[in-house]
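**Q** Can you read through this structure? Questions will come right after.
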Number of protein chains: 2
Amino acid sequence: MTRPPHDRLRDAVLALDIGGTKLAAGVVRADGEVLSFVTCPTDVADGPQASLARLFDLGKHALDQAGVDPGDAPARLAGCGIGCGGPLDASRGVLLCPPHLPGWVDVPITRLAESTYGLPAVLDNDGTAGAAGEWRFGAGRGTRHLVYLTVSTGIGGGFVVDGRTYRGAAGNGGEPGHITVRSDGRPCRGCGRAGCLEAYASGTSLSELAREAVARGEATSLPHDATAVDVAREARAGDRLAVRLWDQTTGLLGEGVTSVVNLYEPEIVVLGGGVTRAGEQLLAPVRDAVARLAMGPAARAVRVVRAMNGDRAGVLGAAAIAFERRADAPRVPDARAPG
Amino acid sequence: MTRPPHDRLRDAVLALDIGGTKLAAGVVRADGEVLSFVTCPTDVADGPQASLARLFDLGKHALDQAGVDPGDAPARLAGCGIGCGGPLDASRGVLLCPPHLPGWVDVPITRLAESTYGLPAVLDNDGTAGAAGEWRFGAGRGTRHLVYLTVSTGIGGGFVVDGRTYRGAAGNGGEPGHITVRSDGRPCRGCGRAGCLEAYASGTSLSELAREAVARGEATSLPHDATAVDVAREARAGDRLAVRLWDQTTGLLGEGVTSVVNLYEPEIVVLGGGVTRAGEQLLAPVRDAVARLAMGPAARAVRVVRAMNGDRAGVLGAAAIAFERRADAPRVPDARAPG
């Protein structure tokens, strides 16, 4: 039986991911198939007007690539999901003042997206969306309780609790980068207080720790402008400073993940973000730490795995929240009308 | 209109709280009125058989005091809730091996309670039950997202997420005492790893830190066998060591609560347990820490308040989970039959 071509899209959404350096858009089906995927630089220096215009053009480009005339989107797609760093107001669909997007103050992003595409739009923190994306389409499929951490320039993440994405009281819930691991430790660039996990185990922190050690004159094969990738590579090659920094980073990441596991008792911890490209070099010590340190047999048995959505995590996350919110929406005729 | 006397009980439950030093039982109505409340020592040295017999007798005593002949309990009460320290299997109603109850291994506590009283019984971690009790009957009434911490000999607690008690994947979820605050810090008696919140901010830890300082010969008005109560009192009187220890304890408690707030973004943090008898001497610095350190405006605005259920926290918590599980149970005739 041949299906008409629009069938392929009937259960698809437009997904937009707003990062500080990169914008991404795609059309994603309910089964996770990515029908189109496009990116462009955010160029925050141009200000919010220019970046928003680029974002919405990128979305139209994604529609085009998926074979949808943007004018037909309301008839052919189910909705639009948007992921962005917080703080934001998820229920009103407003970006409040995300630090990675200077000048973006009180941007009513879902209303703008709805008027651009004629699709009902939803907004979530990108960590929350990432958790939803791994749960619905990635490494967490089939679980009920999931913790997602993204280890990148910062440390973000989100939670799925009993099969539902967790948002907290105001929609910013789940900041696993901002739990203390070393009281009175290094100041955290993300939140200002001392000793956060992000201040030790993010890609930025690892790079800073390496550069500080090189500047102090420690014997090492690391360059003066070492990145997290350099530290991972030189640690594999046996450089003593790199090994020490890598072990400290993965050790503290393991302690932080253990704290989160003790609080949530999830079935699975999914680790994503650029630093996890190191694969088992990162995952194995974190897994070992949880198995050794967590409370009780259930917590110690938690699976620690690598995220599967990779470079498409933002778009798949935004799509996941669009599907979830649509399933939650009241079944009345006007529930999907643009606001 | 005069109601028949049994009306007063139609929506009441029997609640049992199993602590390491004390057993408690009571009959509690759906509106939180405690119709009876009785306690006795656990006497763990006598072994589980003797303690269990004492527990079930205590429950009968609570029924008697509320005017219920134990033989009439199945007709007159709605169910039985049981709170106990973990690890336990909440779904099967089995105590696995709680460290505060030596010898209690794989005790099928809900089945035993059901055959004793003829009431459907449910089991939860006492921290989880305590959170449910403060949410339903205490300081958290009317909220949707609550964090409960009990600061006592150890640090326990639980969570209410979007109006539902959070249990985690295996029913032990929510161990806020076992998040790291000082990596490589003091060993934690509760879980064995280093630097947990419980190793710094519990009543036991505060007492230990004080005794260690006295033994080192530090100038202080504290006795060699100082308790947390002594430290609180002498800190109010201006003793320098006591002030330093109190400030450290409340500071680290504030950091730990901030970590939990950053992860959950609750509306309210409820602090209970013996150490909170110090009132604002404890609450004010914790509240200040959260307001100063938490991520984003919503997290910084969280209310930090003292628990209201006091000495009845265990019984009110066990009652709360009985009411919650009963509301969740499928509405079929045999759903409440003893298993």
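By convention here, the chains of the structure tokens are called A, B, ... in the order presented, each chain's residues are numbered starting at 1, and ligands are numbered starting at 1 in the order presented.
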So which residues of segment 83-245 of chain B fall under strand (DSSP E or B) by DSSP, listed as a ChimeraX atom specification?

**A** /B:83-84,88-89,94-95,107,121-125,146-151,155-161,164-165,180,182,187,194,196

**Q** Can those selected residues be exported to a file as a tab-separated table (two decimals), in the first residue's frame so that it contains N, CA, C and O atoms?

**A**
```tsv
chain	number	residue	atom	x	y	z
B	83	GLY	N	6.27	3.65	58.25
B	83	GLY	CA	7.50	4.33	57.88
B	83	GLY	C	8.68	3.69	58.59
B	83	GLY	O	8.58	3.32	59.76
B	84	CYS	N	9.80	3.54	57.87
B	84	CYS	CA	10.99	2.93	58.46
B	84	CYS	C	12.21	3.41	57.66
B	84	CYS	O	12.09	3.73	56.48
B	88	LEU	N	14.86	-0.43	51.81
B	88	LEU	CA	13.65	-1.23	51.83
B	88	LEU	C	13.12	-1.33	50.41
B	88	LEU	O	13.59	-0.63	49.51
B	89	ASP	N	12.19	-2.23	50.20
B	89	ASP	CA	11.53	-2.36	48.91
B	89	ASP	C	10.09	-1.90	49.11
B	89	ASP	O	9.26	-2.65	49.64
B	94	VAL	N	8.79	-4.67	51.92
B	94	VAL	CA	9.77	-5.48	52.65
B	94	VAL	C	10.92	-4.60	53.15
B	94	VAL	O	11.48	-3.80	52.40
B	95	LEU	N	11.27	-4.75	54.44
B	95	LEU	CA	12.48	-4.13	54.98
B	95	LEU	C	13.66	-5.00	54.60
B	95	LEU	O	13.68	-6.19	54.93
B	107	VAL	N	12.33	-8.44	56.13
B	107	VAL	CA	11.09	-8.53	56.92
B	107	VAL	C	9.90	-8.07	56.06
B	107	VAL	O	9.86	-6.91	55.66
B	121	ALA	N	-1.87	-2.47	53.92
B	121	ALA	CA	-0.75	-1.73	54.49
B	121	ALA	C	0.23	-1.31	53.40
B	121	ALA	O	0.40	-2.00	52.40
B	122	VAL	N	0.85	-0.14	53.60
B	122	VAL	CA	1.89	0.35	52.69
B	122	VAL	C	3.11	0.74	53.49
B	122	VAL	O	3.02	1.09	54.67
B	123	LEU	N	4.27	0.66	52.83
B	123	LEU	CA	5.56	0.94	53.48
B	123	LEU	C	6.30	2.00	52.69
B	123	LEU	O	6.29	1.98	51.45
B	124	ASP	N	6.95	2.93	53.39
B	124	ASP	CA	7.87	3.86	52.74
B	124	ASP	C	9.04	4.16	53.66
B	124	ASP	O	8.93	4.05	54.88
B	125	ASN	N	10.13	4.58	53.02
B	125	ASN	CA	11.27	5.15	53.73
B	125	ASN	C	10.76	6.26	54.65
B	125	ASN	O	9.90	7.06	54.25
B	146	LEU	N	8.20	20.24	47.08
B	146	LEU	CA	8.71	20.40	48.45
B	146	LEU	C	9.95	19.54	48.65
B	146	LEU	O	10.03	18.42	48.16
B	147	VAL	N	10.92	20.09	49.37
B	147	VAL	CA	12.08	19.32	49.83
B	147	VAL	C	12.01	19.28	51.35
B	147	VAL	O	11.79	20.32	51.98
B	148	TYR	N	12.17	18.10	51.91
B	148	TYR	CA	12.14	17.93	53.37
B	148	TYR	C	13.48	17.36	53.81
B	148	TYR	O	13.96	16.37	53.24
B	149	LEU	N	14.11	18.01	54.77
B	149	LEU	CA	15.34	17.48	55.35
B	149	LEU	C	15.14	17.34	56.84
B	149	LEU	O	14.64	18.27	57.49
B	150	THR	N	15.54	16.21	57.38
B	150	THR	CA	15.49	16.04	58.82
B	150	THR	C	16.93	15.97	59.34
B	150	THR	O	17.71	15.14	58.90
B	151	VAL	N	17.26	16.92	60.20
B	151	VAL	CA	18.60	17.04	60.74
B	151	VAL	C	18.56	16.53	62.17
B	151	VAL	O	18.06	17.19	63.07
B	155	ILE	N	21.17	12.72	58.69
B	155	ILE	CA	20.39	13.64	57.88
B	155	ILE	C	19.61	12.81	56.86
B	155	ILE	O	20.21	12.08	56.05
B	156	GLY	N	18.30	12.89	56.94
B	156	GLY	CA	17.46	12.17	55.99
B	156	GLY	C	16.56	13.14	55.29
B	156	GLY	O	16.75	14.36	55.35
B	157	GLY	N	15.57	12.61	54.62
B	157	GLY	CA	14.62	13.50	53.98
B	157	GLY	C	13.92	12.87	52.82
B	157	GLY	O	14.03	11.66	52.57
B	158	GLY	N	13.18	13.69	52.12
B	158	GLY	CA	12.43	13.22	50.98
B	158	GLY	C	11.92	14.40	50.17
B	158	GLY	O	12.20	15.56	50.49
B	159	PHE	N	11.17	14.09	49.12
B	159	PHE	CA	10.77	15.10	48.14
B	159	PHE	C	9.32	14.89	47.73
B	159	PHE	O	8.86	13.77	47.63
B	160	VAL	N	8.65	16.00	47.48
B	160	VAL	CA	7.36	15.95	46.80
B	160	VAL	C	7.54	16.68	45.48
B	160	VAL	O	8.04	17.82	45.46
B	161	VAL	N	7.22	16.01	44.40
B	161	VAL	CA	7.44	16.53	43.05
B	161	VAL	C	6.08	16.70	42.39
B	161	VAL	O	5.36	15.72	42.20
B	164	ARG	N	3.28	14.97	44.14
B	164	ARG	CA	3.35	13.53	44.39
B	164	ARG	C	4.64	13.20	45.14
B	164	ARG	O	5.70	13.72	44.81
B	165	THR	N	4.55	12.31	46.10
B	165	THR	CA	5.72	11.89	46.84
B	165	THR	C	6.69	11.16	45.90
B	165	THR	O	6.28	10.31	45.12
B	180	THR	N	27.83	15.13	48.49
B	180	THR	CA	29.14	15.63	48.88
B	180	THR	C	29.08	17.12	49.17
B	180	THR	O	28.47	17.87	48.41
B	182	ARG	N	32.23	18.28	50.95
B	182	ARG	CA	33.67	18.45	50.99
B	182	ARG	C	34.35	17.20	50.49
B	182	ARG	O	34.63	16.28	51.28
B	187	PRO	N	35.12	11.17	56.88
B	187	PRO	CA	34.36	9.98	56.47
B	187	PRO	C	32.94	10.04	57.02
B	187	PRO	O	32.72	10.52	58.13
B	194	ALA	N	33.56	9.90	51.68
B	194	ALA	CA	34.10	11.08	52.35
B	194	ALA	C	33.29	12.32	52.06
B	194	ALA	O	32.80	12.50	50.95
B	196	CYS	N	30.36	13.74	53.01
B	196	CYS	CA	28.91	13.91	52.86
B	196	CYS	C	28.40	15.02	53.78
B	196	CYS	O	28.97	15.30	54.83
```

**Q** Please return, as number ranges by chain, all residues of chain B lying within 9 Å of chain A when only C-alpha atoms are considered.

**A** B: 86-87, 144-145, 158, 161-162, 166-185, 190-193, 195-196, 252, 255-256, 258-267, 292-299

**Q** Please measure the separation of atom CA of Ala75 of chain B and atom CA of Tyr117 of chain B, giving the value in Å to one decimal.

**A**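 Atom CA of Tyr117 of chain B lies at a distance of 10.6 Å from atom CA of Ala75 of chain B.
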
**Q** Using only C-alpha atoms, determine which residues lie at most 6 Å from Gly26 of chain A, disregarding the query and same-chain residues fewer than 2 positions distant; provide the list as a ChimeraX atom specification.

**A** /A:14-15,36-37,62

**Q** Contacts of Ser207 of chain A at 6 Å or less, counting only C-alpha atoms, minus same-chain residues fewer than 4 places along, as a list in words?

**A**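 Everything that qualifies: Ala226, Thr227 and Ala228 of chain A.
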
**Q** Please identify all polymer residues within 9 Å of segment 214-222 of chain B, counting only C-alpha atoms, omitting same-chain residues fewer than 6 positions from it, and present them as a ChimeraX atom specification.

**A** /B:230-231,234,239-242

**Q** Please list as a list in words every residue within 10 Å of segment 53-55 of chain A, counting only C-alpha atoms and excluding residues in the same chain fewer than 2 positions away.

**A**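 Contacts, in chain order: Leu16, Asp17, Ile18, Lys22, Leu23, Ala24, Ala25, Thr39, Cys40, Pro41, Thr42, Asp43, Pro48, Gln49, Ala50, Ser51, Asp57, Leu58, Gly59, Lys60, His61 and Ala113 of chain A.
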
**Q** Could the residues in this selection be written to a file with C-alpha atoms, as an mmCIF file, in the first residue's frame?

**A**
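See selection-v1.cif below for the written result:
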```cif
data_model
loop_
_atom_site.group_PDB
_atom_site.id
_atom_site.type_symbol
_atom_site.label_atom_id
_atom_site.label_comp_id
_atom_site.auth_asym_id
_atom_site.auth_seq_id
_atom_site.Cartn_x
_atom_site.Cartn_y
_atom_site.Cartn_z
ATOM 1 C CA LEU A 16 14.720 24.841 17.389
ATOM 2 C CA ASP A 17 17.824 24.884 19.584
ATOM 3 C CA ILE A 18 19.257 28.224 20.683
ATOM 4 C CA LYS A 22 25.266 27.885 17.389
ATOM 5 C CA LEU A 23 21.629 27.780 16.336
ATOM 6 C CA ALA A 24 20.135 24.512 15.117
ATOM 7 C CA ALA A 25 16.806 23.540 13.586
ATOM 8 C CA THR A 39 22.755 24.875 11.828
ATOM 9 C CA CYS A 40 24.246 28.379 11.695
ATOM 10 C CA PRO A 41 26.257 30.610 14.024
ATOM 11 C CA THR A 42 24.324 32.573 16.678
ATOM 12 C CA ASP A 43 26.581 35.639 16.342
ATOM 13 C CA PRO A 48 18.837 39.573 19.588
ATOM 14 C CA GLN A 49 16.894 40.995 16.588
ATOM 15 C CA ALA A 50 19.427 39.731 14.048
ATOM 16 C CA SER A 51 19.934 36.385 15.800
ATOM 17 C CA ASP A 57 15.007 31.651 8.800
ATOM 18 C CA LEU A 58 16.904 28.544 9.845
ATOM 19 C CA GLY A 59 13.617 26.967 10.932
ATOM 20 C CA LYS A 60 12.112 27.728 7.509
ATOM 21 C CA HIS A 61 15.180 26.196 5.907
ATOM 22 C CA ALA A 113 7.649 31.210 16.886
#
```

**Q** If you measure from atom CA of Ala232 of chain B to atom CA of Val270 of chain B, what distance in Å do you get, rounded to one decimal?

**A**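 Atom CA of Val270 of chain B lies at a distance of 19.9 Å from atom CA of Ala232 of chain B.
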
**Q** What is the atom CA of Gln248 of chain B-atom CA of Ala201 of chain B distance in Å, reported with one decimal?

**A** 8.3 Å

**Q** What parts of segment 87-230 of chain B does DSSP call helix (DSSP H, G or I)? I'd like the answer as number ranges by chain.

**A** B: 109-117, 126-137, 176-178, 198-201, 203-215, 228-230

**Q** Taking 5 positions as the minimum chain separation for residues in the same chain, which residues sit within 7 Å of Tyr200 of chain B when counting only C-alpha atoms? Answer as a compact mmCIF listing (two decimals) with all heavy atoms, in the first residue's frame.

**A**
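Produced file selection.txt, reproduced below:
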```txt
# COMPACT_ATOMS: atom_id res chain seq x y z
N SER B 205 27.50 14.50 64.02
CA SER B 205 28.75 15.08 63.55
C SER B 205 29.12 16.32 64.35
O SER B 205 30.29 16.53 64.70
CB SER B 205 28.63 15.47 62.07
OG SER B 205 28.26 14.37 61.32
N LEU B 206 28.12 17.13 64.65
CA LEU B 206 28.38 18.35 65.42
C LEU B 206 28.93 17.98 66.79
O LEU B 206 29.91 18.57 67.27
CB LEU B 206 27.08 19.16 65.52
CG LEU B 206 27.14 20.51 66.22
CD1 LEU B 206 28.23 21.40 65.64
CD2 LEU B 206 25.78 21.21 66.11
N THR B 249 28.67 24.30 60.78
CA THR B 249 27.57 23.36 60.55
C THR B 249 26.45 24.00 59.75
O THR B 249 25.98 23.44 58.75
CB THR B 249 27.03 22.88 61.92
OG1 THR B 249 28.05 22.12 62.56
CG2 THR B 249 25.79 22.03 61.74
```
